[in-house]
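Okay, work-v8.tsv now, which holds TSV, C-alpha atoms:
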```
chain	number	residue	atom	x	y	z
A	1	MET	CA	-7.51	27.33	-62.25
A	2	ALA	CA	-6.56	25.35	-65.38
A	3	ARG	CA	-3.49	27.49	-65.99
A	4	ALA	CA	-2.38	27.17	-62.35
A	5	VAL	CA	-2.74	23.38	-62.51
A	6	ASP	CA	-0.88	23.19	-65.81
A	7	CYS	CA	1.97	25.29	-64.37
A	8	GLY	CA	1.99	23.41	-61.05
A	9	GLN	CA	1.27	26.51	-58.95
A	10	LEU	CA	-0.02	24.87	-55.78
A	11	VAL	CA	-0.34	28.12	-53.80
A	12	VAL	CA	-2.51	29.60	-56.54
A	13	ILE	CA	-4.59	26.41	-56.76
A	14	GLU	CA	-5.15	26.43	-52.99
A	15	TYR	CA	-6.18	30.09	-53.09
A	16	LEU	CA	-8.58	29.62	-56.00
A	17	HIS	CA	-10.07	26.54	-54.40
A	18	GLU	CA	-10.70	28.45	-51.16
A	19	GLN	CA	-12.44	31.21	-53.14
A	20	GLN	CA	-14.60	28.77	-55.12
A	21	ASN	CA	-15.15	26.39	-52.21
A	22	GLY	CA	-16.12	23.44	-54.36
A	23	ASP	CA	-14.98	20.37	-56.19
A	24	ILE	CA	-11.85	21.06	-58.23
A	25	GLY	CA	-12.71	18.34	-60.73
A	26	SER	CA	-11.13	15.30	-62.27
A	27	PHE	CA	-9.82	17.15	-65.35
A	28	ALA	CA	-7.48	19.15	-63.12
A	29	LEU	CA	-6.30	15.91	-61.51
A	30	SER	CA	-5.62	14.41	-64.94
A	31	VAL	CA	-3.55	17.43	-65.95
A	32	ALA	CA	-1.52	17.41	-62.73
A	33	CYS	CA	-0.84	13.68	-63.07
A	34	ALA	CA	0.05	13.91	-66.77
A	35	ASN	CA	2.52	16.67	-65.90
A	36	GLY	CA	4.05	14.55	-63.13
A	37	ASN	CA	3.30	17.07	-60.39
A	38	LEU	CA	2.70	14.93	-57.31
A	39	ARG	CA	2.10	17.75	-54.81
A	40	VAL	CA	-0.58	19.28	-57.00
A	41	ALA	CA	-2.09	15.86	-57.76
A	42	GLU	CA	-2.29	15.03	-54.04
A	43	TYR	CA	-4.02	18.30	-53.24
A	44	ILE	CA	-6.53	17.97	-56.06
A	45	TYR	CA	-7.19	14.31	-55.21
A	46	HIS	CA	-8.23	15.34	-51.71
A	47	HIS	CA	-10.50	18.09	-53.04
A	48	THR	CA	-12.41	16.30	-55.79
A	49	THR	CA	-15.39	14.03	-55.45
A	50	SER	CA	-14.73	11.86	-58.50
A	51	PRO	CA	-11.02	11.38	-59.12
A	52	GLN	CA	-10.42	10.06	-62.62
A	53	VAL	CA	-7.11	9.96	-64.47
A	54	GLN	CA	-5.87	8.71	-67.82
A	55	THR	CA	-3.30	6.32	-66.35
A	56	SER	CA	-2.09	5.43	-69.84
A	57	THR	CA	-0.97	9.04	-70.39
A	58	VAL	CA	0.84	9.08	-67.06
A	59	ALA	CA	2.59	5.80	-67.92
A	60	LYS	CA	3.50	6.99	-71.41
A	61	ARG	CA	5.13	10.09	-69.93
A	62	GLY	CA	7.16	7.99	-67.48
A	63	HIS	CA	5.83	9.31	-64.17
A	64	LEU	CA	6.35	6.28	-61.91
A	65	HIS	CA	5.79	8.34	-58.75
A	66	ILE	CA	2.34	9.30	-60.04
A	67	ILE	CA	1.53	5.71	-61.04
A	68	LYS	CA	2.41	4.64	-57.49
A	69	PHE	CA	0.25	7.40	-56.02
A	70	LEU	CA	-2.73	6.45	-58.18
A	71	ASN	CA	-2.35	2.77	-57.37
A	72	ASP	CA	-2.04	3.50	-53.64
A	73	HIS	CA	-5.28	5.52	-53.82
A	74	ASN	CA	-7.17	2.85	-55.80
A	75	ILE	CA	-7.85	4.96	-58.87
A	76	PRO	CA	-9.82	2.53	-61.05
A	77	GLU	CA	-8.67	3.69	-64.47
A	78	PHE	CA	-5.82	1.18	-64.81
A	79	THR	CA	-6.22	-0.94	-67.94
A	80	THR	CA	-4.02	-3.01	-70.23
A	81	GLN	CA	-3.43	0.23	-72.13
A	82	THR	CA	-1.54	1.59	-69.11
A	83	MET	CA	1.17	-1.05	-69.37
A	84	ASP	CA	1.05	-0.99	-73.17
A	85	GLU	CA	1.87	2.73	-73.24
A	86	ALA	CA	4.67	2.37	-70.68
A	87	ALA	CA	6.25	-0.45	-72.71
A	88	ILE	CA	5.92	1.37	-76.03
A	89	ALA	CA	7.63	4.43	-74.52
A	90	GLY	CA	10.39	2.26	-73.02
A	91	HIS	CA	9.58	2.87	-69.35
A	92	LEU	CA	10.73	-0.48	-67.98
A	93	ASN	CA	10.46	0.73	-64.38
A	94	ILE	CA	6.74	1.38	-64.85
A	95	VAL	CA	6.18	-1.94	-66.66
A	96	LYS	CA	7.85	-3.77	-63.76
A	97	TYR	CA	5.83	-1.84	-61.18
A	98	LEU	CA	2.54	-2.49	-62.94
A	99	ARG	CA	3.32	-6.18	-63.28
A	100	ALA	CA	4.12	-6.41	-59.57
A	101	HIS	CA	1.20	-4.33	-58.28
A	102	ARG	CA	-1.62	-4.60	-60.80
A	103	GLN	CA	-3.45	-7.45	-62.49
A	104	GLU	CA	-4.51	-5.90	-65.80
A	105	GLY	CA	-1.36	-6.95	-67.63
A	106	CYS	CA	-0.81	-5.88	-71.21
A	107	THR	CA	-1.66	-6.79	-74.77
A	108	THR	CA	0.58	-7.83	-77.67
A	109	ARG	CA	0.71	-4.11	-78.47
A	110	ALA	CA	3.13	-3.63	-75.54
A	111	MET	CA	5.77	-5.99	-76.85
A	112	THR	CA	5.24	-5.05	-80.48
A	113	GLY	CA	5.46	-1.34	-79.75
A	114	ALA	CA	8.51	-1.75	-77.53
A	115	ALA	CA	10.24	-3.75	-80.28
A	116	GLU	CA	9.32	-1.25	-82.99
A	117	ASN	CA	10.78	1.55	-80.85
A	118	GLY	CA	13.97	-0.37	-80.08
A	119	HIS	CA	13.30	-0.91	-76.36
A	120	THR	CA	15.14	-4.21	-76.08
A	121	GLU	CA	15.09	-4.42	-72.28
A	122	VAL	CA	11.32	-4.01	-72.24
A	123	VAL	CA	10.86	-6.72	-74.88
A	124	LEU	CA	13.08	-9.14	-72.96
A	125	TYR	CA	11.28	-8.40	-69.69
A	126	LEU	CA	7.85	-8.87	-71.25
A	127	ARG	CA	8.96	-12.10	-72.91
A	128	GLN	CA	9.71	-13.57	-69.48
A	129	TYR	CA	6.06	-13.19	-68.49
A	130	SER	CA	4.23	-13.46	-71.78
A	131	TYR	CA	3.00	-16.30	-73.89
A	132	LYS	CA	4.80	-17.40	-77.03
A	133	TYR	CA	2.23	-15.75	-79.31
A	134	PHE	CA	3.24	-12.35	-77.91
A	135	PHE	CA	6.76	-12.92	-79.14
A	136	ARG	CA	5.58	-14.17	-82.54
A	137	SER	CA	3.64	-10.97	-83.08
A	138	VAL	CA	6.83	-9.03	-82.46
A	139	PHE	CA	8.58	-10.85	-85.30
A	140	ARG	CA	5.80	-9.89	-87.71
A	141	SER	CA	6.02	-6.27	-86.62
A	142	ILE	CA	9.81	-6.14	-86.71
A	143	ASN	CA	9.89	-7.41	-90.27
A	144	SER	CA	7.94	-4.35	-91.34
A	145	SER	CA	9.92	-1.84	-89.27
A	146	ASN	CA	13.53	-3.07	-89.79
A	147	LYS	CA	14.26	-3.35	-86.04
A	148	ILE	CA	15.93	-6.75	-86.27
A	149	CYS	CA	18.59	-5.71	-83.73
A	150	VAL	CA	15.94	-5.90	-81.01
A	151	VAL	CA	15.41	-9.60	-81.68
A	152	GLN	CA	19.09	-10.43	-81.89
```

Transcribe the structure of this file into structure tokens.
Amino acid sequence: MARAVDCGQLVVIEYLHEQQNGDIGSFALSVACANGNLRVAEYIYHHTTSPQVQTSTVAKRGHLHIIKFLNDHNIPEFTTQTMDEAAIAGHLNIVKYLRAHRQEGCTTRAMTGAAENGHTEVVLYLRQYSYKYFFRSVFRSINSSNKICVVQ
């Protein structure tokens, strides 16, 4: 089953599930979501009793369609780390979505990480909605990573 989930083989997953006739499990859901495979994630979601997903991994990998699916299905694993990871990886679309649809927000790690990785648009977006101390922490971080172009 694990190999089928990892490869996104929905037909195989359906067959194996019919043979086992039980809960597929939240690990399989996490793998499908981390891989960005919505069809597989939807199937597993409907055949597991305790859906749990590392939303931070999904955000880090840039799978907005999966983030939307998880939010729409009230998966409770959203934390500040979810937005932090999206910002650090430069996924502005996910940062914007999370800000509009979730209340967890982010930590200074989001802006600092985005700046260190040269994601200027993310830093500017976060600055619009963050307190001044967020931006100050970016300056300290940038001094050590030579990413001054982000601030300019």

Tell me which of A:Glu14, A:Asp72, A:Thr108, A:Ile66 sits closest to A:Asp84, counting all atoms listed in the file.
A:Thr108

Between atom CA of A:Ala86 and atom CA of A:Arg99, what is the distance in Å, rounded to a tenth?
11.4 Å

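If only C-alpha atoms are the atoms counted, then among A:Asn21, A:Thr48, A:Asn117, A:Gln103 the closest residue to A:Met83 is A:Gln103.
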
In the coordinates of the file, take the point (6.4, -4.1, -62.7) and a cut-off of 12 Å; then, counting all atoms listed in the file, name each qualifying protein, DNA or RNA residue as a ChimeraX atom specification.
/A:59,64,67-68,82-83,86-87,91-106,122,125-126,129

So which residues touch stretch 4-9 of chain A within 10 Å, counting all atoms listed in the file, skipping near sequence neighbours fewer than 4 positions away, as a ChimeraX atom specification?
/A:13-14,16,27-41,44
